[in-house]
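Structure below is protein_22.tsv: TSV, C-alpha atoms.
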chain	number	residue	atom	x	y	z
A	1	MET	CA	0.00	0.00	0.00
A	2	LYS	CA	1.35	3.41	-1.00
A	3	PRO	CA	0.26	6.79	0.41
A	4	TRP	CA	-1.63	8.93	-2.09
A	5	SER	CA	-3.73	12.06	-2.06
A	6	TYR	CA	-5.81	13.53	-4.84
A	7	SER	CA	-4.20	16.38	-6.75
A	8	HIS	CA	-5.81	18.47	-9.47
A	9	THR	CA	-2.91	17.54	-11.73
A	10	THR	CA	-4.49	14.08	-11.79
A	11	LYS	CA	-7.28	13.87	-14.37
A	12	ALA	CA	-10.37	12.34	-12.76
A	13	ALA	CA	-13.03	10.96	-15.10
A	14	TYR	CA	-16.77	11.60	-15.37
A	15	THR	CA	-17.45	8.21	-13.78
A	16	THR	CA	-15.96	9.49	-10.51
A	17	ARG	CA	-18.27	12.52	-10.32
A	18	HIS	CA	-20.20	11.38	-7.24
A	19	VAL	CA	-17.08	10.40	-5.27
A	20	ARG	CA	-15.18	12.74	-2.96
A	21	LEU	CA	-11.71	11.79	-4.15
A	22	GLU	CA	-10.14	13.43	-1.11
A	23	SER	CA	-11.48	10.45	0.86
A	24	ALA	CA	-8.75	8.29	-0.69
A	25	CYS	CA	-5.48	8.27	1.22
A	26	SER	CA	-3.54	5.46	-0.45
A	27	VAL	CA	-3.37	3.16	-3.46
A	28	GLU	CA	-2.95	-0.60	-3.41
A	29	LEU	CA	-1.99	-3.17	-6.04
A	30	ALA	CA	-4.73	-5.67	-5.19
A	31	ASP	CA	-5.07	-9.12	-6.73
A	32	ARG	CA	-8.36	-8.60	-8.55
A	33	PRO	CA	-10.35	-5.43	-9.29
A	34	GLU	CA	-14.14	-5.32	-9.01
A	35	THR	CA	-16.71	-3.43	-11.02
A	36	GLY	CA	-16.90	0.13	-9.72
A	37	ASP	CA	-13.46	0.17	-8.09
A	38	LEU	CA	-11.61	3.43	-8.71
A	39	VAL	CA	-8.08	3.03	-10.01
A	40	LEU	CA	-5.15	5.39	-10.38
A	41	ALA	CA	-3.59	4.66	-13.77
A	42	ARG	CA	-0.94	6.00	-16.11
A	43	VAL	CA	-1.60	6.48	-19.82
A	44	THR	CA	0.98	4.39	-21.68
A	45	GLU	CA	-0.23	4.52	-25.28
A	46	LEU	CA	-2.82	6.77	-26.89
A	47	GLY	CA	-5.44	5.17	-29.09
A	48	GLN	CA	-9.15	5.61	-29.85
A	49	HIS	CA	-9.85	7.71	-26.77
A	50	TYR	CA	-7.34	10.54	-26.64
A	51	ARG	CA	-9.50	12.74	-24.44
A	52	LEU	CA	-11.00	12.04	-21.02
A	53	GLU	CA	-14.31	13.52	-19.96
A	54	LEU	CA	-14.03	15.17	-16.56
A	55	PRO	CA	-16.83	15.34	-13.94
A	56	ASP	CA	-17.89	18.78	-15.22
A	57	GLY	CA	-18.10	17.56	-18.81
A	58	ARG	CA	-14.88	19.12	-20.09
A	59	ARG	CA	-13.01	16.77	-22.38
A	60	ALA	CA	-9.38	16.92	-21.28
A	61	THR	CA	-6.70	16.03	-23.81
A	62	LEU	CA	-4.65	13.03	-22.72
A	63	TYR	CA	-0.91	12.66	-23.02
A	64	GLU	CA	1.21	9.59	-22.56
A	65	GLY	CA	2.42	9.66	-18.97
A	66	ASP	CA	-0.74	11.34	-17.62
A	67	GLU	CA	-2.07	9.99	-14.34
A	68	ILE	CA	-5.84	9.49	-14.40
A	69	VAL	CA	-8.53	8.19	-12.03
A	70	VAL	CA	-11.11	6.00	-13.74
A	71	ALA	CA	-13.50	3.21	-12.73
A	72	TYR	CA	-13.33	-0.45	-13.60
A	73	GLY	CA	-16.40	-1.49	-15.55
A	74	ASN	CA	-17.77	-3.59	-18.39
A	75	ARG	CA	-18.71	-2.11	-21.75
A	76	TYR	CA	-21.26	-3.08	-24.39
A	77	ALA	CA	-21.20	-0.86	-27.47
A	78	PRO	CA	-21.84	-2.53	-30.85
A	79	ASP	CA	-20.33	0.43	-32.71
A	80	GLN	CA	-17.32	0.71	-30.38
A	81	PHE	CA	-16.01	-1.82	-27.85
A	82	GLU	CA	-17.05	-4.94	-26.01
A	83	ALA	CA	-14.97	-5.12	-22.83
A	84	VAL	CA	-14.97	-6.65	-19.35
A	85	VAL	CA	-13.33	-6.02	-15.99
A	86	PRO	CA	-9.94	-7.83	-16.00
A	87	ASP	CA	-8.86	-10.48	-13.51
A	88	ASP	CA	-5.83	-8.51	-12.30
A	89	LEU	CA	-4.18	-5.09	-12.30
A	90	ARG	CA	-2.04	-5.60	-15.35
A	91	GLU	CA	-2.11	-3.08	-18.19
A	92	CYS	CA	-5.58	-2.76	-19.74
A	93	ASP	CA	-7.66	-0.43	-21.89
A	94	LEU	CA	-9.51	2.85	-21.58
A	95	VAL	CA	-12.69	1.75	-23.36
A	96	ALA	CA	-14.87	4.84	-22.86
A	97	GLY	CA	-14.10	8.54	-22.81
A	98	GLY	CA	-16.10	8.89	-19.60
A	99	GLY	CA	-13.52	6.78	-17.78
A	100	ILE	CA	-13.93	2.99	-17.96
A	101	ALA	CA	-10.96	0.65	-17.40
A	102	ALA	CA	-11.43	-2.81	-18.91
A	103	THR	CA	-10.00	-5.49	-21.17
A	104	THR	CA	-11.25	-5.31	-24.75
A	105	LEU	CA	-12.83	-8.49	-26.14
A	106	SER	CA	-13.98	-7.16	-29.51
A	107	GLN	CA	-14.39	-3.89	-31.35
A	108	HIS	CA	-16.14	-2.38	-34.35
A	109	SER	CA	-14.03	-2.42	-37.50
A	110	LYS	CA	-14.09	1.38	-37.64
A	111	MET	CA	-12.59	1.75	-34.18
A	112	GLY	CA	-8.90	2.39	-33.64
A	113	CYS	CA	-6.92	0.47	-31.06
A	114	PRO	CA	-7.98	1.33	-27.51
A	115	THR	CA	-5.90	3.68	-25.39
A	116	ARG	CA	-3.68	1.63	-23.09
A	117	ILE	CA	-3.35	2.36	-19.37
A	118	GLU	CA	-1.16	0.97	-16.59
A	119	PRO	CA	-2.93	0.62	-13.23
A	120	LEU	CA	-0.85	2.08	-10.39
A	121	GLY	CA	-3.23	0.93	-7.68
A	122	LEU	CA	-6.81	0.88	-6.45
A	123	LEU	CA	-7.87	3.88	-4.37
A	124	ILE	CA	-8.14	3.06	-0.65
A	125	ASP	CA	-9.88	5.18	2.00
A	126	ALA	CA	-8.88	5.89	5.61
A	127	ASP	CA	-10.71	2.77	6.81
A	128	GLY	CA	-8.70	0.55	4.48
A	129	ARG	CA	-11.62	-0.02	2.11
A	130	ARG	CA	-11.54	0.21	-1.65
A	131	VAL	CA	-13.12	3.38	-3.00
A	132	ASN	CA	-15.99	1.95	-5.05
A	133	LEU	CA	-18.85	3.77	-6.76
A	134	ARG	CA	-21.47	1.66	-5.00
A	135	ASN	CA	-20.47	3.29	-1.70
A	136	TRP	CA	-21.17	6.76	-3.10
A	137	CYS	CA	-24.61	6.28	-4.65
A	138	LEU	CA	-27.78	8.20	-3.85
A	139	PRO	CA	-30.19	6.58	-1.38
A	140	ASP	CA	-32.54	3.86	-2.57
A	141	PRO	CA	-36.10	5.11	-1.85
A	142	SER	CA	-37.10	1.58	-0.80
A	143	SER	CA	-34.53	1.69	2.00
A	144	LEU	CA	-36.14	4.89	3.27
A	145	GLY	CA	-39.57	3.30	3.58
A	146	ALA	CA	-40.97	4.32	0.19
A	147	SER	CA	-42.81	1.79	-1.92
A	148	THR	CA	-40.67	0.00	-4.50
A	149	SER	CA	-43.46	-0.72	-6.90
A	150	GLY	CA	-45.60	1.20	-9.21
A	151	ALA	CA	-45.77	4.88	-9.72
A	152	SER	CA	-45.11	5.27	-6.03
A	153	THR	CA	-41.31	5.20	-6.11
A	154	SER	CA	-41.62	8.69	-4.69
A	155	GLY	CA	-44.26	7.60	-2.21
A	156	ALA	CA	-47.18	9.36	-3.90
A	157	SER	CA	-50.09	8.38	-6.09
A	158	LYS	CA	-50.80	9.35	-9.68
A	159	SER	CA	-54.49	9.45	-8.94
A	160	GLY	CA	-56.61	10.73	-6.15
A	161	GLU	CA	-56.12	13.79	-4.00
A	162	GLY	CA	-52.96	15.28	-2.60
A	163	ASP	CA	-49.51	15.00	-4.09
A	164	VAL	CA	-49.40	13.45	-7.54
A	165	ASP	CA	-46.40	11.59	-8.90
A	166	PRO	CA	-44.73	13.07	-11.97
A	167	TRP	CA	-45.93	11.75	-15.29
A	168	THR	CA	-43.14	9.45	-16.51
A	169	ILE	CA	-42.28	9.00	-20.18
A	170	VAL	CA	-39.73	6.29	-21.01
A	171	VAL	CA	-37.66	6.39	-24.20
A	172	THR	CA	-36.22	3.15	-25.52
A	173	GLY	CA	-35.03	2.12	-28.95
A	174	SER	CA	-34.12	-0.49	-31.52
A	175	THR	CA	-30.35	-0.28	-31.04
A	176	MET	CA	-27.44	1.97	-30.14
A	177	ASN	CA	-27.55	5.28	-32.05
A	178	ALA	CA	-31.23	4.93	-32.97
A	179	GLY	CA	-31.87	8.48	-31.78
A	180	LYS	CA	-33.00	7.78	-28.22
A	181	THR	CA	-31.29	10.73	-26.55
A	182	THR	CA	-32.37	13.14	-29.28
A	183	THR	CA	-35.92	11.86	-28.81
A	184	ALA	CA	-35.72	12.24	-25.03
A	185	ALA	CA	-34.26	15.74	-25.33
A	186	SER	CA	-36.97	16.74	-27.80
A	187	ILE	CA	-39.69	15.56	-25.43
A	188	ILE	CA	-38.01	17.45	-22.60
A	189	ARG	CA	-37.78	20.60	-24.69
A	190	GLY	CA	-41.40	20.38	-25.77
A	191	LEU	CA	-42.62	19.94	-22.21
A	192	SER	CA	-40.37	22.62	-20.72
A	193	ALA	CA	-41.28	25.07	-23.49
A	194	SER	CA	-44.93	24.60	-22.53
A	195	GLY	CA	-44.14	25.77	-19.01
A	196	ARG	CA	-43.83	22.40	-17.31
A	197	SER	CA	-40.97	21.43	-15.03
A	198	VAL	CA	-39.12	18.34	-16.25
A	199	ALA	CA	-36.58	16.03	-14.63
A	200	ALA	CA	-34.70	13.40	-16.60
A	201	GLY	CA	-32.60	10.31	-16.12
A	202	LYS	CA	-30.70	7.55	-17.86
A	203	ILE	CA	-31.17	4.14	-16.27
A	204	THR	CA	-28.63	2.02	-18.15
A	205	GLY	CA	-25.55	2.52	-20.32
A	206	THR	CA	-21.84	3.34	-20.12
A	207	GLY	CA	-20.58	6.16	-17.92
A	208	ALA	CA	-20.25	9.33	-20.02
A	209	GLY	CA	-21.88	12.71	-19.73
A	210	GLY	CA	-23.04	13.44	-23.27
A	211	ASP	CA	-26.63	12.31	-22.74
A	212	VAL	CA	-26.84	14.01	-19.34
A	213	TRP	CA	-25.63	17.32	-20.77
A	214	MET	CA	-28.00	17.07	-23.74
A	215	MET	CA	-31.00	16.51	-21.46
A	216	THR	CA	-29.84	19.39	-19.25
A	217	ASP	CA	-29.51	21.71	-22.24
A	218	ALA	CA	-33.04	20.76	-23.33
A	219	GLY	CA	-34.42	22.08	-20.05
A	220	ALA	CA	-34.43	19.16	-17.60
A	221	ASN	CA	-33.44	19.78	-13.99
A	222	PRO	CA	-32.35	17.71	-12.18
A	223	VAL	CA	-30.78	15.11	-14.46
A	224	LEU	CA	-29.38	11.85	-13.08
A	225	ASP	CA	-27.88	8.73	-14.57
A	226	PHE	CA	-26.88	5.27	-13.35
A	227	THR	CA	-23.60	6.62	-11.93
A	228	ALA	CA	-25.80	8.06	-9.18
A	229	ALA	CA	-26.84	4.46	-8.48
A	230	GLY	CA	-23.23	3.34	-8.09
A	231	HIS	CA	-22.50	2.02	-11.60
A	232	ALA	CA	-19.72	2.99	-13.99
A	233	SER	CA	-21.57	0.86	-16.54
A	234	THR	CA	-24.64	-1.34	-16.32
A	235	TYR	CA	-23.43	-4.05	-18.72
A	236	LEU	CA	-23.47	-7.46	-16.97
A	237	CYS	CA	-25.34	-6.07	-13.95
A	238	THR	CA	-27.86	-8.42	-12.38
A	239	PRO	CA	-31.61	-7.83	-12.84
A	240	ASP	CA	-31.80	-6.70	-9.20
A	241	GLU	CA	-29.02	-4.17	-9.78
A	242	ILE	CA	-30.79	-2.81	-12.86
A	243	THR	CA	-34.14	-2.38	-11.11
A	244	ARG	CA	-32.32	-0.78	-8.17
A	245	SER	CA	-30.83	1.73	-10.63
A	246	LEU	CA	-34.36	2.52	-11.81
A	247	ARG	CA	-35.60	2.92	-8.24
A	248	ILE	CA	-32.75	5.22	-7.26
A	249	VAL	CA	-32.87	7.42	-10.35
A	250	HIS	CA	-36.66	7.65	-10.65
A	251	GLY	CA	-37.21	7.94	-6.90
A	252	ASN	CA	-34.69	10.74	-6.44
A	253	LEU	CA	-35.99	12.59	-9.50
A	254	SER	CA	-39.54	12.28	-8.17
A	255	SER	CA	-38.49	13.83	-4.88
A	256	SER	CA	-37.77	17.09	-6.73
A	257	ARG	CA	-41.49	17.17	-7.62
A	258	PRO	CA	-41.32	17.97	-11.34
A	259	ASP	CA	-44.40	17.90	-13.53
A	260	ALA	CA	-42.87	15.18	-15.69
A	261	ILE	CA	-39.92	12.79	-15.77
A	262	VAL	CA	-38.28	11.56	-18.98
A	263	LEU	CA	-36.20	8.38	-18.66
A	264	GLU	CA	-33.90	6.87	-21.27
A	265	ILE	CA	-32.94	3.19	-21.46
A	266	ALA	CA	-29.73	2.52	-23.38
A	267	ASP	CA	-29.03	0.23	-26.34
A	268	GLY	CA	-31.76	-1.82	-28.04
A	269	LEU	CA	-34.59	-4.18	-27.15
A	270	LEU	CA	-32.47	-7.31	-27.63
A	271	GLN	CA	-29.60	-6.13	-25.42
A	272	ARG	CA	-29.41	-8.13	-22.19
A	273	GLU	CA	-30.01	-5.47	-19.54
A	274	THR	CA	-32.49	-3.53	-21.66
A	275	SER	CA	-34.57	-6.64	-22.24
A	276	GLU	CA	-34.54	-7.51	-18.54
A	277	LEU	CA	-35.53	-4.00	-17.50
A	278	LEU	CA	-38.37	-3.73	-20.01
A	279	GLY	CA	-39.75	-7.01	-18.70
A	280	SER	CA	-39.61	-5.98	-15.06
A	281	PRO	CA	-42.78	-5.25	-13.06
A	282	LEU	CA	-41.19	-2.06	-11.70
A	283	LEU	CA	-40.69	-0.57	-15.17
A	284	ALA	CA	-44.27	-1.46	-16.11
A	285	ASP	CA	-45.51	0.35	-13.02
A	286	VAL	CA	-43.28	3.41	-13.41
A	287	ALA	CA	-43.85	4.01	-17.14
A	288	ASP	CA	-46.95	6.02	-18.02
A	289	ALA	CA	-45.97	6.18	-21.69
A	290	LEU	CA	-43.16	4.89	-23.91
A	291	VAL	CA	-41.73	6.51	-27.02
A	292	PHE	CA	-39.74	4.17	-29.27
A	293	ALA	CA	-36.74	5.39	-31.29
A	294	ALA	CA	-35.95	3.37	-34.40
A	295	CYS	CA	-33.44	3.39	-37.26
A	296	ASP	CA	-35.83	2.12	-39.93
A	297	ALA	CA	-39.44	1.18	-40.58
A	298	LEU	CA	-39.04	-2.54	-39.96
A	299	SER	CA	-37.42	-2.04	-36.55
A	300	ALA	CA	-40.13	0.51	-35.69
A	301	VAL	CA	-42.95	-1.93	-36.42
A	302	GLY	CA	-41.18	-4.85	-34.75
A	303	GLY	CA	-40.17	-2.80	-31.73
A	304	VAL	CA	-43.68	-1.51	-31.11
A	305	ALA	CA	-45.03	-5.06	-31.37
A	306	THR	CA	-42.45	-6.29	-28.85
A	307	LEU	CA	-43.26	-3.53	-26.37
A	308	ARG	CA	-46.98	-4.23	-26.67
A	309	GLN	CA	-46.38	-7.92	-26.03
A	310	LEU	CA	-44.78	-6.83	-22.76
A	311	GLY	CA	-47.91	-4.86	-21.94
A	312	LEU	CA	-46.13	-1.51	-22.12
A	313	PRO	CA	-47.98	1.66	-23.21
A	314	VAL	CA	-45.97	2.66	-26.30
A	315	VAL	CA	-47.57	5.79	-27.71
A	316	ALA	CA	-45.29	7.13	-30.44
A	317	VAL	CA	-42.25	6.40	-32.62
A	318	SER	CA	-39.39	8.76	-33.37
A	319	GLY	CA	-35.64	8.42	-33.91
A	320	VAL	CA	-33.22	8.29	-36.82
A	321	LEU	CA	-35.81	7.00	-39.28
A	322	THR	CA	-37.66	10.34	-39.15
A	323	ALA	CA	-34.71	12.02	-40.91
A	324	SER	CA	-36.14	10.41	-44.06
A	325	PRO	CA	-39.73	11.40	-44.89
A	326	LEU	CA	-40.02	8.27	-47.02
A	327	ALA	CA	-38.84	6.00	-44.19
A	328	ALA	CA	-41.25	7.72	-41.79
A	329	GLN	CA	-44.09	7.22	-44.28
A	330	GLU	CA	-43.18	3.55	-44.58
A	331	ALA	CA	-43.26	3.18	-40.79
A	332	ARG	CA	-46.64	4.92	-40.55
A	333	SER	CA	-48.10	2.40	-42.99
A	334	GLY	CA	-47.41	-0.38	-40.50
A	335	LEU	CA	-48.30	1.44	-37.28
A	336	ASP	CA	-51.40	2.81	-35.59
A	337	ILE	CA	-49.49	5.36	-33.47
A	338	PRO	CA	-47.81	8.64	-34.51
A	339	VAL	CA	-44.33	8.75	-36.06
A	340	LEU	CA	-42.89	12.08	-34.92
A	341	THR	CA	-39.78	14.02	-35.88
A	342	PRO	CA	-37.72	15.78	-33.19
A	343	GLN	CA	-39.06	19.09	-34.49
A	344	GLU	CA	-42.64	17.89	-34.01
A	345	LEU	CA	-41.85	16.78	-30.47
A	346	ILE	CA	-40.29	20.16	-29.69
A	347	GLY	CA	-42.48	22.52	-31.65
A	348	ASP	CA	-45.96	21.44	-30.67
A	349	PRO	CA	-46.43	20.76	-26.95
A	350	ALA	CA	-49.89	19.40	-27.73
A	351	VAL	CA	-48.24	16.54	-29.63
A	352	VAL	CA	-46.17	15.62	-26.59
A	353	LEU	CA	-49.06	16.03	-24.18
A	354	SER	CA	-51.34	13.91	-26.37
A	355	CYS	CA	-49.14	10.96	-25.48
A	356	ARG	CA	-50.64	11.18	-22.02
A	357	LEU	CA	-54.14	10.81	-23.39
A	358	VAL	CA	-53.17	7.90	-25.63
A	359	ALA	CA	-51.36	6.18	-22.76
A	360	ALA	CA	-54.44	6.48	-20.59
A	361	GLU	CA	-56.50	4.82	-23.32
A	362	VAL	CA	-53.93	2.02	-23.74
A	363	ALA	CA	-53.85	1.41	-19.99
Rewrite the structure of this file - the entire thing - as structure tokens.
Amino acid sequence: MKPWSYSHTTKAAYTTRHVRLESACSVELADRPETGDLVLARVTELGQHYRLELPDGRRATLYEGDEIVVAYGNRYAPDQFEAVVPDDLRECDLVAGGGIAATTLSQHSKMGCPTRIEPLGLLIDADGRRVNLRNWCLPDPSSLGASTSGASTSGASKSGEGDVDPWTIVVTGSTMNAGKTTTAASIIRGLSASGRSVAAGKITGTGAGGDVWMMTDAGANPVLDFTAAGHASTYLCTPDEITRSLRIVHGNLSSSRPDAIVLEIADGLLQRETSELLGSPLLADVADALVFAACDALSAVGGVATLRQLGLPVVAVSGVLTASPLAAQEARSGLDIPVLTPQELIGDPAVVLSCRLVAAEVA
């Protein structure tokens, strides 16, 4: 074990944003890292990721020899890297610009070689414990006595008198880069432009701030992601860990009492954690309406059918396919719900609010 204290000359990644790094007083070359462990590492060879996103969103340029603090985690990105937490602290890869240390298993043909990093030791606190993201997460509403099911993750009811839970719209999609975040941001903008307060969250994915900042810029406040639930990445998390992420993010957003909450689920319907979350009773209870982002007409029709088989109230389609009027027309021919461009979601609040009426009819 070697004494260590955080210095601002060390570049700390986005994934560490909820951790008070001053709590670490030493580093240790342990036998085996765990998901969420923070590690001090040295950049040994620059590759695909030559910048590191900091907690405030600034993308710092990396140089060989830089010391960085990142989190061990798994990564699932069909258009980038597939990677897992290694079995030891030997040299590994920086597989995400938000700060994920892992061993690459496969990569998209358009990706360059990953940036290589040399672990110098896991961060250790004054009590001799590893500094791990799970010890710095927001409280789980269920542990505070709130209900863990239904629209009552904030302890209120969507019907009846008194406090009413925020209306929750969930955005999911056919695959990575289907336009989910653009869709979510457009819904947020449409609602906020109509004078409604909106909070937003991302339940699954890989630790990076781009989606959080986009939702913030659209008008959502507060905005949380799964890092607030103690995850650098949600790939290979258990079903219980995924539903806990939903409880923590949705419950803490609800406590701010917005008029509406917009939640994004990463990747596509066939991805492991996405599929498990969409099939969970908690998601079915939380979601008042779903908007599906798709790349093409076939995935739009198939995705809506899949969501309906799960009993989920999908009310509209958007996403990359709407960039092509012809593709959108093709999708409309096979659907009985609106296919909406981002501009339509932003420009006409009535379009966004009509989802609430449709969802009520579906339910």
Here is a test: counting all atoms listed in the file, which residue of A:Gly210, A:Gly179, A:Pro313, A:Gly279 is nearest to Pro342 in chain A?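 Counting all atoms listed in the file, the residue closest to Pro342 in chain A is A:Gly179.
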Tell me, in Å to one decimal, how far CA of Gly65 in chain A is from CA of Tyr6 in chain A.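 Computed distance, CA of Gly65 in chain A to CA of Tyr6 in chain A, equals 16.8 Å.
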Would you pick out the contacts of Lys202 in chain A at 7 Å or less, using all atoms listed in the file, so that residues sharing its chain but fewer than 3 positions from it are not included, and give the list as a list in words? Leu224, Asp225, Phe226, Leu263, Glu264 and Ile265 of chain A
Residues within 9 Å of range 298-311 of chain A, all atoms listed in the file, excluding chain neighbours under 4 positions, as a PyMOL selection string: chain A and resi 173-174+269+278-279+284+290+292-294+315-318+321+330-332+334-335+363
Considering only C-alpha atoms, state which residue in the set A:Val95, A:His18, A:Gly219, A:Pro78 is at the smallest distance from Leu52 in chain A.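 Comparing A:Val95, A:His18, A:Gly219, A:Pro78 against Leu52 in chain A, the winner is A:Val95.
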Could you build a table of the residues in range 251-311 of chain A lying no more than 12 Å from range 204-209 of chain A, giving for each the nearest pair of atoms and their separation in Å rounded to one decimal place, using all atoms listed in the file, ordered by chain and ascending residue number, as a tab-separated table?
residue	atom	partner	partner_atom	distance
A:Leu263	CA	A:Thr204	CA	9.9
A:Glu264	CA	A:Thr204	CA	7.8
A:Ile265	CA	A:Thr204	CA	5.6
A:Ala266	CA	A:Gly205	CA	5.2
A:Asp267	CA	A:Gly205	CA	7.3
A:Gly268	CA	A:Gly205	CA	10.8
A:Gln271	CA	A:Gly205	CA	10.8
A:Arg272	CA	A:Thr204	CA	11.0
A:Glu273	CA	A:Thr204	CA	7.7
A:Thr274	CA	A:Thr204	CA	7.6
A:Ser275	CA	A:Thr204	CA	11.3
A:Glu276	CA	A:Thr204	CA	11.2
A:Leu277	CA	A:Thr204	CA	9.2
A:Leu278	CA	A:Thr204	CA	11.5
Can you tell me how far CA of Asp66 in chain A sits from CA of Thr10 in chain A, in Å to one decimal?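 That distance, rounded to one decimal, is 7.5 Å.
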So how many Å separate CA of Arg17 in chain A and CA of Asp31 in chain A, to one decimal?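 Going from CA of Arg17 in chain A over to CA of Asp31 in chain A, I get 25.6 Å.
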What would the list of residues within 8 Å of (-4.7, -0.9, -22.0) (file frame) look like as a list in words, if all atoms listed in the file are what count?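 Using all atoms listed in the file, the matching residues come out as Thr44, Glu45, Glu91, Cys92, Asp93, Leu94, Ala101, Ala102, Thr103, Pro114, Thr115, Arg116, Ile117 and Glu118 of chain A.
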Between A:Ala126, A:Met215, A:Ala24, A:Val69, which residue has the minimum interatomic distance to Lys180 in chain A, considering all atoms listed in the file?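 Among the listed residues, A:Met215 lies closest to Lys180 in chain A.
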Within 8 Å of file point (-37.6, 18.2, -12.6), counting all atoms listed in the file, expressed as JSON, numbers by chain: {"A": [197, 198, 199, 200, 220, 221, 222, 223, 253, 254, 256, 257, 258, 259, 260, 261]}
Near-Gln48 in chain A list (8 Å; only C-alpha atoms; drop same-chain fewer than 2 positions) as a CSV table (one decimal) with C-alpha atoms, keeping the file's coordinate frame:
chain,number,residue,atom,x,y,z
A,46,LEU,CA,-2.8,6.8,-26.9
A,50,TYR,CA,-7.3,10.5,-26.6
A,111,MET,CA,-12.6,1.8,-34.2
A,112,GLY,CA,-8.9,2.4,-33.6
A,113,CYS,CA,-6.9,0.5,-31.1
A,114,PRO,CA,-8.0,1.3,-27.5
A,115,THR,CA,-5.9,3.7,-25.4
Between A:Asp348, A:Asp165, A:Glu241, A:Asp88, which has the minimum distance to Val286 in chain A (counting all atoms listed in the file)?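 The closest residue to Val286 in chain A is A:Asp165.
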Quick one: of A:Tyr72, A:Tyr63, A:Trp136, A:Phe81, who's nearest to Ser23 in chain A, counting only C-alpha atoms? A:Trp136
